[in-house]
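K.L.:
The structure that follows is given in the form of structure tokens.
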Amino acid sequence: MEIRTYDTARYRLEIELDDEVGRIILTDKYSGVRFADSQYRYSAYAESGSRIAYLEGLVNAGLAEEPWRRGGNRISISGTLAGRDPNTKIGVHHRLYIPLAEEYLEERIILRNLGSERVILRGYRFGFRKRLERPKQYGGPGIDIENYRLIAIPFRLQPDGKKHDYQLDDIYHGRYECSEFYNPARLVQEVVDKNRGRSEGWAWTDGENGLLITKYNEDKIEFSMLDTERRDGEVYLTFGGASPSLYNEPIEARVLEPGEEITFGKTRLHFYEGLWRRGSYIFREFMAALGHTIPDNYDPPVNWNELYEIGCYHNDREKLARHYTFEALCEEAEKARDMGCNLLYLDSGWEVCEGSTTWDEERLGDVKAFVEHIKREYGLRVGFRTIGRSYCDDYPGMYRRRADGSVGYYAPYHTKPFYETCVCCARYQEEKLRRIFKIADAGISFIMFDEFDWRGPCYDESHGHPVPTTPNMHAHAVMDLIRRVRERYPEIIIEAHDPIWPWGVRYLPVYYLHGQDHSFDEIWGFEFMWNPLDDLLSGRALSLFYYNLAYDIPLYLHINMDNDNDNCLAFWWYASTCRHLGIGGKRNNEQRYRAYKQAMAEYLLLKDLYSRGIFYGIDELTHIHVLPEAGRCVVNAFNLTDTPISRKVDIRLNDLGILEEVTVTGAPHEFVRGRLVLQLDIPPFSPKLIRLFTRAD
């Protein structure tokens, strides 16, 4: 057995090799922990010629190394998946990149069909293995990762309320929660990753030392997967490498024609010191370096959403004519101006029929005249929402056709059937763009792309796309639509819902299809728009805190002031966690309305900190927004309980990039050996703001 050893200042990688690849050992030199200590997992179920073969292990293996352009080595392990079926031959090329001057390594898996028949991958798993033992507290012998947790990044807590933070006992027993988006009004499709952990990244840490595991794939939908395996009386954690997730993503790996190759995304394994939040910050820095960050010159308006007052009527012409009128929108514009908002956002109702993307001139007059009137009379810009379905037959021949030939959606419990457009249809793309352009040409400042959700494959061969379509094809088509709008109107702020699961748990990684050109500026704030206070008090909206630790890509959310309290607790929570904020609601609660006006006046003074500042988290209920170059900072603290709280918060100003003396307003405080200690006394169900600045602002 030959052992190849690769040392950096931070870690050691050891590869055992003879005819097969043996153990691949990955050791953190700082802590002494072996994060990987067992045989690397190369396995797949492959169907070929109506036979299903289980393949495991890498035989006829060879190892080559060469200098890497970034400095260090590139290791290439090549071989064939072992199996008894001589007609099923899958070659594996396993690359490991070791930059000597850095604290990370990267890996990438490439598969190739070496046989003469098509291969269908029915399941596969490649990854490092860590042998597990029962924790000491449950009678086990103990292990070097005894006190380590695996924490999902960016969503330790998902918008569905599920927590993805796993102790050793959870990992040993494979107790992973699989978050999914569920809506009874859509096609329900099974995910393939039940009882596994799915995330863009994982912080594996004991609070002092850690390993950040990040998956990144620009071309295919792929996640970093965890799974617990039991074999030969032992228990192993598998991480890194590649594994299917969701609706068998990446779907491009499903079928390999003879000679065809599939390249999975890279996995970065980054060693670090500090609390688990440090892993989130490293993840955020990594994504920002790849362009997934705040757009240049980003200065979003505060939107006023008329939906909360006027209502939603889809294709009900009678109700639209009664409620959604020019006069009603002017009343909303007046409230928006009085509140201090900058943009009147038109939700569902401005169209002849929802989804038609056709301005209703009969009710609202000429669109350009409307935009100019709102700007002239109220000083507001105008934005609108466009969706990927139609509540009228407005796109004949461009609908998703199921395998049985049917189009459209209807369910007995749903009173508003609609037509499902096929975004992959070139004719639909051109027609949709023509209609969007006609509205945007009037001087629109903001567009939301909503309800383009994946409802299943399209089988209509006349559309010019491959049959059947896939979620990734659909996602690319939606983003191509958005990109073409961006190219024509670079000044318009564009928000894009997830095009597969649009409202709650995401299907796509946040960065996916964002691109260096920022095809979209913002993503949706996970449907906390209806009951914002309940979502916060339930804990679901705490997911926004974890998102901000790991991403700078702005969130957009509008909230209903009617469902807040008079302390504006929800207002300040979403102001602190969504870089682009919208509000709306009725004016029949005068006390609430006055409270919101006061909150808005204060928010507008601090808006640049919330929209462009660096976000730090002391804990879930204490947030920091800082612009170091301006010497300004705001601390948001929250009490989500029905009793007053009193606590101290310790802030190291140097860690925030503030090197000068600061003035503090909003809370008693003292400076102790370079630290700012704040005394926070917060009434029940209330927010608290503390301002720090080095000069008058």
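Ordering of the structure tokens sets the chain letters (A, B, ...), residue numbers begin anew at 1 in every chain, and ligands are numbered from 1 in the order given.
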Residues at most 8 Å from region 246-248 of chain A, counting only C-alpha atoms, excluding those fewer than 4 positions away in the same chain, as a compact mmCIF listing (two decimals) with all heavy atoms, in the first residue's frame?
P.N.:
```txt
# COMPACT_ATOMS: atom_id res chain seq x y z
N GLN A 189 -44.09 16.37 -6.18
CA GLN A 189 -43.08 15.46 -6.69
C GLN A 189 -42.17 15.07 -5.54
O GLN A 189 -41.79 15.90 -4.72
CB GLN A 189 -42.27 16.14 -7.82
CG GLN A 189 -41.29 15.22 -8.50
CD GLN A 189 -40.68 15.87 -9.74
OE1 GLN A 189 -41.20 16.85 -10.25
NE2 GLN A 189 -39.59 15.32 -10.22
N GLU A 190 -41.82 13.81 -5.46
CA GLU A 190 -40.98 13.32 -4.37
C GLU A 190 -39.53 13.78 -4.57
O GLU A 190 -39.02 13.79 -5.69
CB GLU A 190 -41.03 11.80 -4.32
CG GLU A 190 -42.35 11.23 -3.82
CD GLU A 190 -42.59 11.51 -2.34
OE1 GLU A 190 -41.61 11.58 -1.59
OE2 GLU A 190 -43.77 11.67 -1.97
N VAL A 191 -38.90 14.13 -3.46
CA VAL A 191 -37.47 14.40 -3.50
C VAL A 191 -36.72 13.09 -3.26
O VAL A 191 -37.25 12.16 -2.64
CB VAL A 191 -37.07 15.47 -2.46
CG1 VAL A 191 -37.76 16.79 -2.75
CG2 VAL A 191 -37.38 15.00 -1.05
N VAL A 192 -35.48 13.04 -3.74
CA VAL A 192 -34.70 11.80 -3.63
C VAL A 192 -33.77 11.82 -2.42
O VAL A 192 -33.03 10.85 -2.21
CB VAL A 192 -33.86 11.58 -4.92
CG1 VAL A 192 -34.75 11.47 -6.13
CG2 VAL A 192 -32.80 12.67 -5.10
N ASP A 193 -33.79 12.91 -1.65
CA ASP A 193 -32.81 13.03 -0.56
C ASP A 193 -33.45 13.00 0.82
O ASP A 193 -32.98 13.66 1.74
CB ASP A 193 -31.97 14.30 -0.73
CG ASP A 193 -32.82 15.56 -0.92
OD1 ASP A 193 -34.03 15.51 -0.64
OD2 ASP A 193 -32.26 16.58 -1.35
N ARG A 254 -28.25 12.15 -14.77
CA ARG A 254 -29.16 11.01 -14.78
C ARG A 254 -28.81 10.00 -15.87
O ARG A 254 -28.83 8.79 -15.63
CB ARG A 254 -30.59 11.52 -14.98
CG ARG A 254 -31.66 10.47 -15.12
CD ARG A 254 -31.96 9.76 -13.83
NE ARG A 254 -33.15 8.92 -13.93
CZ ARG A 254 -33.52 8.05 -13.02
NH1 ARG A 254 -32.79 7.90 -11.93
NH2 ARG A 254 -34.60 7.32 -13.17
N TYR A 507 -35.56 25.96 -3.84
CA TYR A 507 -35.08 24.80 -4.58
C TYR A 507 -33.66 25.07 -5.08
O TYR A 507 -32.78 24.22 -4.97
CB TYR A 507 -36.01 24.54 -5.76
CG TYR A 507 -35.75 23.24 -6.51
CD1 TYR A 507 -36.41 22.07 -6.16
CD2 TYR A 507 -34.88 23.19 -7.60
CE1 TYR A 507 -36.20 20.88 -6.84
CE2 TYR A 507 -34.66 22.02 -8.31
CZ TYR A 507 -35.33 20.87 -7.93
OH TYR A 507 -35.11 19.70 -8.62
```
K.L.:
Extract, using only C-alpha atoms, all DNA, RNA and protein residues at most 9 Å from region 291-294 of chain A, discarding same-chain residues fewer than 2 positions from it, and format them as a list of chain:residue names.
P.N.:
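Here the answer would be A:Arg284, A:Phe286, A:Met287, A:Ala288, A:Ala289, A:Asp296, A:Asn297, A:Tyr298, A:Val510, A:Tyr511, A:His514, A:Gly515, A:Gln516, A:Asp517, A:His518, A:Asp521, A:Glu522, A:Tyr551, A:Asp552, A:Ile553, A:Pro554, A:Ser611, A:Arg612.
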K.L.:
As a PyMOL selection string, please: all residues of region 411-440 of chain A that backbone DSSP puts in alpha helix (DSSP H).
P.N.:
chain A and resi 426-440
K.L.:
In Å, how far is it from CA of Phe571 (chain A) to CA of Leu329 (chain A)?
P.N.:
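These two atoms are separated by 23.2 Å.
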K.L.:
Would you kindly return, as a list in words, each protein, DNA or RNA residue with an atom no farther than 10 Å from any atom of region 65-74 of chain A, considering only C-alpha atoms and excluding same-chain residues fewer than 3 positions away?
P.N.:
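Once the nearby chain positions are removed, what remains is Tyr6, Thr8, Ile77, Arg95, Leu96, Tyr97, Ile98, Pro99, Leu100, Ala101, Glu102, Leu105, Glu106 and Glu107 of chain A.
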K.L.:
Can you tell me, as a list in words, which residues in region 173-211 of chain A count as strand (DSSP E or B) by DSSP?
P.N.:
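Residues of region 173-211 of chain A classed as strand (DSSP E or B): Gly197, Arg198, Ser199, Gly201, Trp202, Ala203, Trp204, Thr205, Asn209, Gly210 and Leu211 of chain A.
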K.L.:
When you draw a straight line from CA of Arg122 (chain A) to CA of Leu256 (chain A), how long is it in Å?
P.N.:
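These two atoms are separated by 11.4 Å.
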K.L.:
Which residue out of A:Asn472, A:Ser406, A:Ser390, A:Asn87 has the minimum interatomic distance to Thr421 (chain A) when only C-alpha atoms are used?
P.N.:
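The answer is A:Ser390, which sits nearest to Thr421 (chain A).
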K.L.:
Using only C-alpha atoms, find the one residue out of A:Asp206, A:Asp219, A:Asp393, A:Asp18 that sits nearest to Glu273 (chain A).
P.N.:
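Among A:Asp206, A:Asp219, A:Asp393, A:Asp18, it is A:Asp206 that comes nearest to Glu273 (chain A).
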K.L.:
What does the distance from CA of Arg401 (chain A) to CA of Val467 (chain A) come to in Å, to one decimal?
P.N.:
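Rounded to one decimal, the two atoms are 10.4 Å apart.
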